[in-house]
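J.: The following file, input-v1.pdb, comprises PDB, C-alpha atoms, pLDDT in the B column:
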ATOM      1  CA  SER A  16     -30.444   6.095  19.258  1.00 39.00           C
ATOM      2  CA  MET A  17     -30.825   8.272  16.180  1.00 37.00           C
ATOM      3  CA  PRO A  18     -28.126   6.455  14.170  1.00 41.00           C
ATOM      4  CA  PHE A  19     -30.113   3.229  14.526  1.00 40.00           C
ATOM      5  CA  ARG A  20     -33.349   4.937  13.526  1.00 41.00           C
ATOM      6  CA  ALA A  21     -31.609   6.668  10.629  1.00 45.00           C
ATOM      7  CA  SER A  22     -30.663   3.498   8.773  1.00 51.00           C
ATOM      8  CA  SER A  23     -34.009   2.829   7.068  1.00 53.00           C
ATOM      9  CA  TRP A  24     -34.745   6.525   6.700  1.00 49.00           C
ATOM     10  CA  SER A  25     -31.353   7.226   5.126  1.00 52.00           C
ATOM     11  CA  ARG A  26     -31.746   4.447   2.564  1.00 57.00           C
ATOM     12  CA  SER A  27     -35.150   5.716   1.500  1.00 55.00           C
ATOM     13  CA  VAL A  28     -34.083   9.354   1.370  1.00 57.00           C
ATOM     14  CA  ALA A  29     -30.815   8.543  -0.395  1.00 61.00           C
ATOM     15  CA  MET A  30     -32.537   6.542  -3.128  1.00 64.00           C
ATOM     16  CA  ALA A  31     -35.680   8.692  -3.480  1.00 61.00           C
ATOM     17  CA  PRO A  32     -34.238  11.412  -5.762  1.00 63.00           C
ATOM     18  CA  ILE A  33     -32.525   8.808  -7.944  1.00 63.00           C
ATOM     19  CA  ILE A  34     -35.733   6.923  -8.760  1.00 64.00           C
ATOM     20  CA  GLU A  35     -37.854  10.099  -8.623  1.00 63.00           C
ATOM     21  CA  ALA A  36     -39.946   8.884  -5.700  1.00 61.00           C
ATOM     22  CA  ASP A  37     -42.377  11.362  -4.154  1.00 62.00           C
ATOM     23  CA  GLU A  38     -43.267  11.773  -0.472  1.00 62.00           C
ATOM     24  CA  ARG A  39     -46.032   9.183  -0.678  1.00 62.00           C
ATOM     25  CA  ASP A  40     -43.639   6.610  -2.176  1.00 64.00           C
ATOM     26  CA  VAL A  41     -41.199   7.192   0.675  1.00 65.00           C
ATOM     27  CA  ALA A  42     -44.023   6.942   3.222  1.00 66.00           C
ATOM     28  CA  VAL A  43     -45.142   3.642   1.681  1.00 68.00           C
ATOM     29  CA  SER A  44     -41.645   2.144   1.851  1.00 71.00           C
ATOM     30  CA  LEU A  45     -41.062   3.265   5.432  1.00 70.00           C
ATOM     31  CA  GLY A  46     -44.513   2.130   6.552  1.00 71.00           C
ATOM     32  CA  THR A  47     -43.989  -1.327   5.086  1.00 76.00           C
ATOM     33  CA  VAL A  48     -40.531  -1.602   6.640  1.00 78.00           C
ATOM     34  CA  PHE A  49     -41.805  -0.525  10.066  1.00 77.00           C
ATOM     35  CA  ILE A  50     -44.574  -3.134   9.974  1.00 78.00           C
ATOM     36  CA  LEU A  51     -42.149  -5.920   9.061  1.00 85.00           C
ATOM     37  CA  ASN A  52     -39.644  -4.728  11.674  1.00 82.00           C
ATOM     38  CA  ALA A  53     -42.306  -4.911  14.372  1.00 82.00           C
ATOM     39  CA  VAL A  54     -43.106  -8.483  13.355  1.00 87.00           C
ATOM     40  CA  ALA A  55     -39.417  -9.441  13.215  1.00 89.00           C
ATOM     41  CA  LEU A  56     -38.779  -8.257  16.779  1.00 86.00           C
ATOM     42  CA  PHE A  57     -41.073 -11.005  18.078  1.00 88.00           C
ATOM     43  CA  VAL A  58     -40.908 -13.695  15.378  1.00 92.00           C
ATOM     44  CA  PHE A  59     -37.150 -13.921  14.799  1.00 94.00           C
ATOM     45  CA  PRO A  60     -36.040 -14.673  18.393  1.00 92.00           C
ATOM     46  CA  TRP A  61     -38.889 -17.182  18.694  1.00 92.00           C
ATOM     47  CA  LEU A  62     -37.870 -18.956  15.483  1.00 93.00           C
ATOM     48  CA  GLY A  63     -34.219 -18.849  16.453  1.00 93.00           C
ATOM     49  CA  HIS A  64     -34.876 -20.683  19.709  1.00 92.00           C
ATOM     50  CA  ILE A  65     -37.185 -23.218  18.065  1.00 94.00           C
ATOM     51  CA  LEU A  66     -34.568 -23.988  15.402  1.00 92.00           C
ATOM     52  CA  GLY A  67     -31.787 -24.192  17.981  1.00 91.00           C
ATOM     53  CA  MET A  68     -29.657 -21.539  16.335  1.00 93.00           C
ATOM     54  CA  SER A  69     -26.422 -20.532  17.998  1.00 92.00           C
ATOM     55  CA  ALA A  70     -25.828 -16.927  19.014  1.00 93.00           C
ATOM     56  CA  HIS A  71     -23.442 -16.528  16.084  1.00 93.00           C
ATOM     57  CA  GLN A  72     -25.954 -17.931  13.607  1.00 94.00           C
ATOM     58  CA  PHE A  73     -28.809 -15.836  14.915  1.00 95.00           C
ATOM     59  CA  GLY A  74     -26.759 -12.649  14.933  1.00 94.00           C
ATOM     60  CA  LEU A  75     -25.760 -13.191  11.324  1.00 94.00           C
ATOM     61  CA  TRP A  76     -29.274 -14.169  10.211  1.00 94.00           C
ATOM     62  CA  SER A  77     -30.998 -11.229  11.888  1.00 93.00           C
ATOM     63  CA  ALA A  78     -28.466  -8.808  10.385  1.00 92.00           C
ATOM     64  CA  ILE A  79     -29.155 -10.168   6.895  1.00 92.00           C
ATOM     65  CA  ALA A  80     -32.916 -10.653   7.045  1.00 91.00           C
ATOM     66  CA  ILE A  81     -34.157  -7.712   9.157  1.00 90.00           C
ATOM     67  CA  HIS A  82     -34.186  -4.376   7.400  1.00 82.00           C
ATOM     68  CA  ASP A  83     -33.831  -1.695  10.095  1.00 80.00           C
ATOM     69  CA  THR A  84     -30.772  -1.546  12.348  1.00 79.00           C
ATOM     70  CA  SER A  85     -32.758  -0.778  15.498  1.00 78.00           C
ATOM     71  CA  SER A  86     -34.901  -3.874  14.948  1.00 84.00           C
ATOM     72  CA  VAL A  87     -31.811  -5.999  14.259  1.00 88.00           C
ATOM     73  CA  VAL A  88     -30.339  -4.875  17.569  1.00 86.00           C
ATOM     74  CA  GLY A  89     -33.643  -5.371  19.376  1.00 85.00           C
ATOM     75  CA  ALA A  90     -34.065  -8.927  18.077  1.00 90.00           C
ATOM     76  CA  ALA A  91     -30.417  -9.928  18.570  1.00 91.00           C
ATOM     77  CA  SER A  92     -30.331  -8.591  22.133  1.00 87.00           C
ATOM     78  CA  HIS A  93     -32.663 -11.448  23.123  1.00 85.00           C
ATOM     79  CA  TYR A  94     -29.892 -13.851  22.131  1.00 88.00           C
ATOM     80  CA  GLY A  95     -27.184 -12.321  24.278  1.00 85.00           C
ATOM     81  CA  ALA A  96     -24.041 -10.260  23.923  1.00 86.00           C
ATOM     82  CA  GLU A  97     -22.406 -12.389  21.212  1.00 90.00           C
ATOM     83  CA  ALA A  98     -25.443 -12.325  18.928  1.00 91.00           C
ATOM     84  CA  LEU A  99     -25.845  -8.598  19.505  1.00 89.00           C
ATOM     85  CA  LYS A 100     -22.211  -7.871  18.655  1.00 88.00           C
ATOM     86  CA  ILE A 101     -22.297  -9.921  15.458  1.00 92.00           C
ATOM     87  CA  ALA A 102     -25.673  -8.582  14.364  1.00 91.00           C
ATOM     88  CA  THR A 103     -24.704  -4.948  14.881  1.00 86.00           C
ATOM     89  CA  THR A 104     -21.387  -5.306  13.076  1.00 86.00           C
ATOM     90  CA  VAL A 105     -22.817  -7.170  10.088  1.00 90.00           C
ATOM     91  CA  LYS A 106     -25.855  -4.910   9.792  1.00 86.00           C
ATOM     92  CA  LEU A 107     -23.834  -1.702   9.806  1.00 79.00           C
ATOM     93  CA  THR A 108     -21.403  -3.261   7.337  1.00 81.00           C
ATOM     94  CA  ARG A 109     -24.432  -3.816   5.098  1.00 81.00           C
ATOM     95  CA  ALA A 110     -25.278  -0.161   5.526  1.00 75.00           C
ATOM     96  CA  LEU A 111     -21.901   0.772   4.030  1.00 74.00           C
ATOM     97  CA  TRP A 112     -23.327  -0.325   0.686  1.00 77.00           C
ATOM     98  CA  ILE A 113     -25.875   2.495   0.667  1.00 73.00           C
ATOM     99  CA  LEU A 114     -23.537   4.980  -0.980  1.00 72.00           C
ATOM    100  CA  PRO A 115     -22.122   2.743  -3.768  1.00 78.00           C
ATOM    101  CA  LEU A 116     -25.616   1.408  -4.483  1.00 77.00           C
ATOM    102  CA  VAL A 117     -27.036   4.902  -4.832  1.00 72.00           C
ATOM    103  CA  LEU A 118     -24.124   5.997  -7.021  1.00 75.00           C
ATOM    104  CA  ALA A 119     -24.562   2.922  -9.226  1.00 79.00           C
ATOM    105  CA  MET A 120     -28.290   3.588  -9.604  1.00 74.00           C
ATOM    106  CA  ALA A 121     -27.576   7.216 -10.457  1.00 72.00           C
ATOM    107  CA  LEU A 122     -25.231   6.098 -13.229  1.00 76.00           C
ATOM    108  CA  ILE A 123     -27.636   3.483 -14.555  1.00 76.00           C
ATOM    109  CA  LEU A 124     -30.579   5.883 -14.583  1.00 71.00           C
ATOM    110  CA  LYS A 125     -28.345   8.783 -15.669  1.00 70.00           C
ATOM    111  CA  LYS A 126     -29.337  11.063 -12.784  1.00 63.00           C
ATOM    112  CA  LYS A 127     -26.172  13.151 -12.624  1.00 60.00           C
ATOM    113  CA  ASP A 128     -27.808  16.093 -10.853  1.00 62.00           C
ATOM    114  CA  ALA A 129     -29.574  14.040  -8.160  1.00 58.00           C
ATOM    115  CA  LYS A 130     -28.803  14.944  -4.555  1.00 62.00           C
ATOM    116  CA  ILE A 131     -27.466  11.990  -2.581  1.00 59.00           C
ATOM    117  CA  ALA A 132     -27.949  11.837   1.198  1.00 58.00           C
ATOM    118  CA  PHE A 133     -24.770  10.475   2.776  1.00 60.00           C
ATOM    119  CA  PRO A 134     -25.346   8.039   5.706  1.00 59.00           C
ATOM    120  CA  TYR A 135     -23.327   9.939   8.338  1.00 64.00           C
ATOM    121  CA  PHE A 136     -24.279   7.522  11.121  1.00 62.00           C
ATOM    122  CA  ILE A 137     -21.834   5.017   9.600  1.00 63.00           C
ATOM    123  CA  ILE A 138     -18.936   7.409  10.290  1.00 71.00           C
ATOM    124  CA  ALA A 139     -19.987   7.592  13.944  1.00 71.00           C
ATOM    125  CA  PHE A 140     -20.123   3.798  14.167  1.00 67.00           C
ATOM    126  CA  VAL A 141     -16.689   3.292  12.591  1.00 71.00           C
ATOM    127  CA  GLY A 142     -15.208   6.022  14.787  1.00 77.00           C
ATOM    128  CA  ALA A 143     -16.638   4.483  17.947  1.00 74.00           C
ATOM    129  CA  SER A 144     -15.338   1.045  16.945  1.00 71.00           C
ATOM    130  CA  ILE A 145     -11.832   2.401  16.392  1.00 79.00           C
ATOM    131  CA  ILE A 146     -11.786   4.242  19.716  1.00 81.00           C
ATOM    132  CA  VAL A 147     -12.976   1.199  21.680  1.00 74.00           C
ATOM    133  CA  SER A 148     -10.443  -1.060  19.941  1.00 74.00           C
ATOM    134  CA  PHE A 149      -7.383   1.153  20.317  1.00 80.00           C
ATOM    135  CA  VAL A 150      -8.138   2.965  23.596  1.00 80.00           C
ATOM    136  CA  PRO A 151      -9.088   0.143  26.012  1.00 75.00           C
ATOM    137  CA  SER A 152      -8.245   2.166  29.139  1.00 77.00           C
ATOM    138  CA  PHE A 153     -11.733   3.695  29.215  1.00 74.00           C
ATOM    139  CA  HIS A 154     -13.712   0.443  29.356  1.00 73.00           C
ATOM    140  CA  ALA A 155     -15.611   1.623  32.436  1.00 75.00           C
ATOM    141  CA  ALA A 156     -16.813   4.657  30.522  1.00 78.00           C
ATOM    142  CA  TYR A 157     -17.669   2.482  27.516  1.00 70.00           C
ATOM    143  CA  SER A 158     -19.867   0.261  29.682  1.00 73.00           C
ATOM    144  CA  TRP A 159     -21.686   3.342  30.933  1.00 79.00           C
ATOM    145  CA  LEU A 160     -22.193   4.588  27.389  1.00 76.00           C
ATOM    146  CA  VAL A 161     -23.494   1.170  26.317  1.00 70.00           C
ATOM    147  CA  GLY A 162     -26.109   1.399  29.068  1.00 72.00           C
ATOM    148  CA  ILE A 163     -27.163   4.820  27.806  1.00 79.00           C
ATOM    149  CA  ALA A 164     -27.285   3.458  24.246  1.00 70.00           C
ATOM    150  CA  LYS A 165     -29.587   0.607  25.314  1.00 66.00           C
ATOM    151  CA  ILE A 166     -31.968   3.093  26.903  1.00 72.00           C
ATOM    152  CA  GLY A 167     -31.849   5.174  23.739  1.00 71.00           C
ATOM    153  CA  LEU A 168     -32.560   2.085  21.661  1.00 63.00           C
ATOM    154  CA  THR A 169     -35.602   1.268  23.782  1.00 64.00           C
ATOM    155  CA  VAL A 170     -36.920   4.798  23.286  1.00 69.00           C
ATOM    156  CA  THR A 171     -36.226   4.552  19.540  1.00 63.00           C
ATOM    157  CA  LEU A 172     -38.159   1.305  19.210  1.00 57.00           C
ATOM    158  CA  PHE A 173     -41.041   2.882  21.117  1.00 62.00           C
ATOM    159  CA  LEU A 174     -41.057   5.866  18.765  1.00 62.00           C
ATOM    160  CA  ILE A 175     -41.029   3.552  15.761  1.00 56.00           C
ATOM    161  CA  GLY A 176     -44.049   1.778  17.194  1.00 56.00           C
ATOM    162  CA  THR A 177     -45.946   5.011  17.740  1.00 59.00           C
ATOM    163  CA  GLY A 178     -45.285   5.892  14.102  1.00 58.00           C
ATOM    164  CA  LEU A 179     -47.450   2.963  13.007  1.00 56.00           C
ATOM    165  CA  THR A 180     -50.725   4.878  12.960  1.00 62.00           C
ATOM    166  CA  TRP A 181     -53.846   3.867  11.102  1.00 67.00           C
ATOM    167  CA  GLU A 182     -53.289   6.763   8.706  1.00 70.00           C
ATOM    168  CA  THR A 183     -49.808   5.450   7.890  1.00 62.00           C
ATOM    169  CA  MET A 184     -51.140   1.954   7.239  1.00 62.00           C
ATOM    170  CA  LYS A 185     -53.884   3.318   4.984  1.00 69.00           C
ATOM    171  CA  SER A 186     -51.329   5.316   2.992  1.00 67.00           C
ATOM    172  CA  VAL A 187     -49.264   2.163   2.512  1.00 61.00           C
ATOM    173  CA  GLY A 188     -52.123   0.242   0.921  1.00 68.00           C
ATOM    174  CA  LEU A 189     -52.418  -3.519   0.480  1.00 72.00           C
ATOM    175  CA  TRP A 190     -50.268  -4.326  -2.552  1.00 78.00           C
ATOM    176  CA  PRO A 191     -46.999  -2.715  -1.371  1.00 75.00           C
ATOM    177  CA  VAL A 192     -47.379  -4.558   1.930  1.00 74.00           C
ATOM    178  CA  VAL A 193     -47.948  -7.848   0.098  1.00 83.00           C
ATOM    179  CA  GLN A 194     -44.870  -7.243  -2.045  1.00 85.00           C
ATOM    180  CA  GLY A 195     -42.805  -6.372   1.010  1.00 81.00           C
ATOM    181  CA  VAL A 196     -43.946  -9.467   2.903  1.00 86.00           C
ATOM    182  CA  ILE A 197     -43.240 -11.775  -0.048  1.00 91.00           C
ATOM    183  CA  LEU A 198     -39.732 -10.381  -0.556  1.00 90.00           C
ATOM    184  CA  TRP A 199     -39.074 -10.472   3.184  1.00 89.00           C
ATOM    185  CA  ILE A 200     -40.128 -14.124   3.456  1.00 92.00           C
ATOM    186  CA  LEU A 201     -38.002 -15.108   0.458  1.00 94.00           C
ATOM    187  CA  ILE A 202     -34.907 -13.305   1.745  1.00 91.00           C
ATOM    188  CA  SER A 203     -35.414 -14.522   5.312  1.00 92.00           C
ATOM    189  CA  SER A 204     -35.902 -18.139   4.234  1.00 93.00           C
ATOM    190  CA  ALA A 205     -32.947 -18.183   1.848  1.00 94.00           C
ATOM    191  CA  SER A 206     -30.588 -16.507   4.313  1.00 93.00           C
ATOM    192  CA  LEU A 207     -31.791 -18.816   7.098  1.00 93.00           C
ATOM    193  CA  GLN A 208     -30.900 -21.902   5.062  1.00 93.00           C
ATOM    194  CA  ILE A 209     -27.477 -20.503   4.207  1.00 92.00           C
ATOM    195  CA  VAL A 210     -26.677 -19.462   7.780  1.00 92.00           C
ATOM    196  CA  ARG A 211     -27.832 -22.793   9.237  1.00 89.00           C
ATOM    197  CA  SER A 212     -25.601 -24.641   6.780  1.00 87.00           C
ATOM    198  CA  MET A 213     -22.585 -22.834   8.225  1.00 80.00           C
ATOM    199  CA  THR A 214     -20.700 -24.220  11.221  1.00 66.00           C
ATOM    200  CA  PHE A 215     -19.587 -21.698  13.861  1.00 61.00           C
TER     201      PHE A 215
END
So, in terms of structure tokens, how does the structure I just supplied come out?

T.:
Amino acid sequence: SMPFRASSWSRSVAMAPIIEADERDVAVSLGTVFILNAVALFVFPWLGHILGMSAHQFGLWSAIAIHDTSSVVGAASHYGAEALKIATTVKLTRALWILPLVLAMALILKKKDAKIAFPYFIIAFVGASIIVSFVPSFHAAYSWLVGIAKIGLTVTLFLIGTGLTWETMKSVGLWPVVQGVILWILISSASLQIVRSMTF
């Protein structure tokens, strides 16, 4: 479960030294993301069914429009195995851009001595994908591990929810939340239109 939880955390921590963000800035970004993730878990599957989206469309949309990997998986799981597979693959492919993005920002802002946190969970994901693809003889064991992973994901989502305390929300403040919501709506709406225009 930790690799899923680490996606939002790793992006914030990786970028923080580049833009000289302090602990409060990181807390604000994570708090805003957690709030929007909690909303997405309920709103996205509901909208997907209302709009009659296919599993492929919903998996792609949720991977693009939802920020945290655990929330992408949680929302896509309501749409079935196909949506979950597509959403997880696309979302973790998005996560591969963390490192080049951070390096580019470091060059632009000329932060040569900044420490960059490498997203190691991506290595685990790629390794697991390779093993499953090229060693199919252990499918029974893979199914067992998937069951364990789903339990871990449920625990992770619970822990994310318990992190949304009143103190965290107060530290976030109103304006960063408003900015986050506006950007989220714009990205979600634009990606929804693009995905719905595609035929799968």

J.: May I have the protein, DNA and RNA residues with any atom at most 12 Å from the point (-39.1, -5.3, 6.5), counting only C-alpha atoms, written as a ChimeraX atom specification?

T.: /A:23,43-56,77-87,191-203

J.: How many Å separate CA of Trp76 (chain A) from CA of Val210 (chain A)?

T.: 6.4 Å

J.: Could you list, as a list in words, every residue within 12 Å of Val161 (chain A), counting all atoms listed in the file and ignoring same-chain residues fewer than 3 positions away?

T.: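 What passes the distance filter is Ser16, Ala96, Lys100, Ala143, Val147, His154, Ala155, Ala156, Tyr157, Ser158, Ala164, Lys165, Ile166, Gly167 and Leu168 of chain A.
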
J.: To one decimal in Å, tell me the separation between CA of Met213 (chain A) and CA of Ile101 (chain A).

T.: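 Calculated distance between CA of Met213 (chain A) and CA of Ile101 (chain A) is 14.8 Å.
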
J.: For Phe59 (chain A), which residue out of A:Ala91, A:Leu75, A:Leu160, A:Ala139 is the nearest one, using all atoms listed in the file?

T.: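 Between A:Ala91, A:Leu75, A:Leu160, A:Ala139, the residue approaching Phe59 (chain A) most closely is A:Ala91.
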
J.: Between CA of Ala90 (chain A) and CA of Thr103 (chain A), measure the distance and give it in Å to one decimal.

T.: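 If I compute the distance from CA of Ala90 (chain A) to CA of Thr103 (chain A), I get 10.7 Å.
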
J.: Which of these, A:Phe57, A:Trp190, A:Phe73, A:Trp112, has the shortest distance to Leu207 (chain A) once you count all atoms listed in the file?

T.: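 Looking only at the distances to Leu207 (chain A), the closest residue turns out to be A:Phe73.
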
J.: If I only have part of region 48-59 of chain A, can you fill in all heavy atoms and write it as a PDB file, keeping the file's coordinate frame?

T.:
ATOM      1  N   VAL A  48     -41.705  -1.170   5.878  1.00 78.00           N
ATOM      2  CA  VAL A  48     -40.531  -1.602   6.640  1.00 78.00           C
ATOM      3  C   VAL A  48     -40.830  -1.616   8.133  1.00 78.00           C
ATOM      4  O   VAL A  48     -40.472  -2.562   8.846  1.00 78.00           O
ATOM      5  CB  VAL A  48     -39.325  -0.685   6.333  1.00 78.00           C
ATOM      6  CG1 VAL A  48     -38.206  -0.902   7.345  1.00 78.00           C
ATOM      7  CG2 VAL A  48     -38.811  -0.941   4.932  1.00 78.00           C
ATOM      8  N   PHE A  49     -41.490  -0.593   8.642  1.00 77.00           N
ATOM      9  CA  PHE A  49     -41.805  -0.525  10.066  1.00 77.00           C
ATOM     10  C   PHE A  49     -42.711  -1.677  10.491  1.00 77.00           C
ATOM     11  O   PHE A  49     -42.543  -2.252  11.567  1.00 77.00           O
ATOM     12  CB  PHE A  49     -42.460   0.808  10.402  1.00 77.00           C
ATOM     13  CG  PHE A  49     -41.499   1.972  10.377  1.00 77.00           C
ATOM     14  CD1 PHE A  49     -41.982   3.266  10.265  1.00 77.00           C
ATOM     15  CD2 PHE A  49     -40.136   1.783  10.444  1.00 77.00           C
ATOM     16  CE1 PHE A  49     -41.110   4.346  10.234  1.00 77.00           C
ATOM     17  CE2 PHE A  49     -39.255   2.852  10.417  1.00 77.00           C
ATOM     18  CZ  PHE A  49     -39.743   4.146  10.308  1.00 77.00           C
ATOM     19  N   ILE A  50     -43.683  -2.022   9.658  1.00 78.00           N
ATOM     20  CA  ILE A  50     -44.574  -3.134   9.974  1.00 78.00           C
ATOM     21  C   ILE A  50     -43.787  -4.441  10.065  1.00 78.00           C
ATOM     22  O   ILE A  50     -43.939  -5.222  11.014  1.00 78.00           O
ATOM     23  CB  ILE A  50     -45.693  -3.251   8.920  1.00 78.00           C
ATOM     24  CG1 ILE A  50     -46.642  -2.054   9.019  1.00 78.00           C
ATOM     25  CG2 ILE A  50     -46.478  -4.553   9.103  1.00 78.00           C
ATOM     26  CD1 ILE A  50     -47.646  -1.957   7.880  1.00 78.00           C
ATOM     27  N   LEU A  51     -42.936  -4.688   9.069  1.00 85.00           N
ATOM     28  CA  LEU A  51     -42.149  -5.920   9.061  1.00 85.00           C
ATOM     29  C   LEU A  51     -41.129  -5.943  10.198  1.00 85.00           C
ATOM     30  O   LEU A  51     -40.851  -7.006  10.766  1.00 85.00           O
ATOM     31  CB  LEU A  51     -41.437  -6.073   7.711  1.00 85.00           C
ATOM     32  CG  LEU A  51     -42.362  -6.252   6.509  1.00 85.00           C
ATOM     33  CD1 LEU A  51     -41.559  -6.332   5.220  1.00 85.00           C
ATOM     34  CD2 LEU A  51     -43.236  -7.478   6.672  1.00 85.00           C
ATOM     35  N   ASN A  52     -40.572  -4.790  10.546  1.00 82.00           N
ATOM     36  CA  ASN A  52     -39.644  -4.728  11.674  1.00 82.00           C
ATOM     37  C   ASN A  52     -40.330  -5.101  12.979  1.00 82.00           C
ATOM     38  O   ASN A  52     -39.761  -5.801  13.823  1.00 82.00           O
ATOM     39  CB  ASN A  52     -39.060  -3.316  11.799  1.00 82.00           C
ATOM     40  CG  ASN A  52     -38.043  -3.007  10.719  1.00 82.00           C
ATOM     41  OD1 ASN A  52     -37.479  -3.904  10.109  1.00 82.00           O
ATOM     42  ND2 ASN A  52     -37.813  -1.737  10.467  1.00 82.00           N
ATOM     43  N   ALA A  53     -41.557  -4.603  13.151  1.00 82.00           N
ATOM     44  CA  ALA A  53     -42.306  -4.911  14.372  1.00 82.00           C
ATOM     45  C   ALA A  53     -42.570  -6.404  14.484  1.00 82.00           C
ATOM     46  O   ALA A  53     -42.463  -6.992  15.571  1.00 82.00           O
ATOM     47  CB  ALA A  53     -43.629  -4.129  14.377  1.00 82.00           C
ATOM     48  N   VAL A  54     -42.887  -7.036  13.364  1.00 87.00           N
ATOM     49  CA  VAL A  54     -43.106  -8.483  13.355  1.00 87.00           C
ATOM     50  C   VAL A  54     -41.806  -9.215  13.661  1.00 87.00           C
ATOM     51  O   VAL A  54     -41.774 -10.161  14.451  1.00 87.00           O
ATOM     52  CB  VAL A  54     -43.662  -8.931  11.982  1.00 87.00           C
ATOM     53  CG1 VAL A  54     -43.737 -10.455  11.905  1.00 87.00           C
ATOM     54  CG2 VAL A  54     -45.035  -8.315  11.739  1.00 87.00           C
ATOM     55  N   ALA A  55     -40.711  -8.768  13.052  1.00 89.00           N
ATOM     56  CA  ALA A  55     -39.417  -9.441  13.215  1.00 89.00           C
ATOM     57  C   ALA A  55     -38.937  -9.420  14.662  1.00 89.00           C
ATOM     58  O   ALA A  55     -38.298 -10.376  15.115  1.00 89.00           O
ATOM     59  CB  ALA A  55     -38.370  -8.776  12.318  1.00 89.00           C
ATOM     60  N   LEU A  56     -39.217  -8.360  15.385  1.00 86.00           N
ATOM     61  CA  LEU A  56     -38.779  -8.257  16.779  1.00 86.00           C
ATOM     62  C   LEU A  56     -39.293  -9.420  17.625  1.00 86.00           C
ATOM     63  O   LEU A  56     -38.625  -9.865  18.561  1.00 86.00           O
ATOM     64  CB  LEU A  56     -39.254  -6.930  17.382  1.00 86.00           C
ATOM     65  CG  LEU A  56     -38.427  -5.691  17.054  1.00 86.00           C
ATOM     66  CD1 LEU A  56     -39.137  -4.436  17.544  1.00 86.00           C
ATOM     67  CD2 LEU A  56     -37.046  -5.792  17.691  1.00 86.00           C
ATOM     68  N   PHE A  57     -40.485  -9.915  17.301  1.00 88.00           N
ATOM     69  CA  PHE A  57     -41.073 -11.005  18.078  1.00 88.00           C
ATOM     70  C   PHE A  57     -40.854 -12.367  17.414  1.00 88.00           C
ATOM     71  O   PHE A  57     -40.599 -13.360  18.103  1.00 88.00           O
ATOM     72  CB  PHE A  57     -42.578 -10.762  18.256  1.00 88.00           C
ATOM     73  CG  PHE A  57     -42.897  -9.513  19.019  1.00 88.00           C
ATOM     74  CD1 PHE A  57     -43.224  -8.340  18.355  1.00 88.00           C
ATOM     75  CD2 PHE A  57     -42.849  -9.504  20.403  1.00 88.00           C
ATOM     76  CE1 PHE A  57     -43.509  -7.183  19.057  1.00 88.00           C
ATOM     77  CE2 PHE A  57     -43.138  -8.350  21.121  1.00 88.00           C
ATOM     78  CZ  PHE A  57     -43.467  -7.182  20.441  1.00 88.00           C
ATOM     79  N   VAL A  58     -40.951 -12.420  16.084  1.00 92.00           N
ATOM     80  CA  VAL A  58     -40.908 -13.695  15.378  1.00 92.00           C
ATOM     81  C   VAL A  58     -39.496 -14.261  15.285  1.00 92.00           C
ATOM     82  O   VAL A  58     -39.286 -15.468  15.484  1.00 92.00           O
ATOM     83  CB  VAL A  58     -41.507 -13.539  13.958  1.00 92.00           C
ATOM     84  CG1 VAL A  58     -41.294 -14.811  13.143  1.00 92.00           C
ATOM     85  CG2 VAL A  58     -42.992 -13.211  14.053  1.00 92.00           C
ATOM     86  N   PHE A  59     -38.506 -13.417  15.006  1.00 94.00           N
ATOM     87  CA  PHE A  59     -37.150 -13.921  14.799  1.00 94.00           C
ATOM     88  C   PHE A  59     -36.557 -14.600  16.032  1.00 94.00           C
ATOM     89  O   PHE A  59     -36.032 -15.710  15.917  1.00 94.00           O
ATOM     90  CB  PHE A  59     -36.242 -12.792  14.289  1.00 94.00           C
ATOM     91  CG  PHE A  59     -36.221 -12.675  12.795  1.00 94.00           C
ATOM     92  CD1 PHE A  59     -37.396 -12.461  12.084  1.00 94.00           C
ATOM     93  CD2 PHE A  59     -35.041 -12.781  12.088  1.00 94.00           C
ATOM     94  CE1 PHE A  59     -37.398 -12.358  10.704  1.00 94.00           C
ATOM     95  CE2 PHE A  59     -35.025 -12.687  10.703  1.00 94.00           C
ATOM     96  CZ  PHE A  59     -36.204 -12.471  10.016  1.00 94.00           C
TER      97      PHE A  59
END
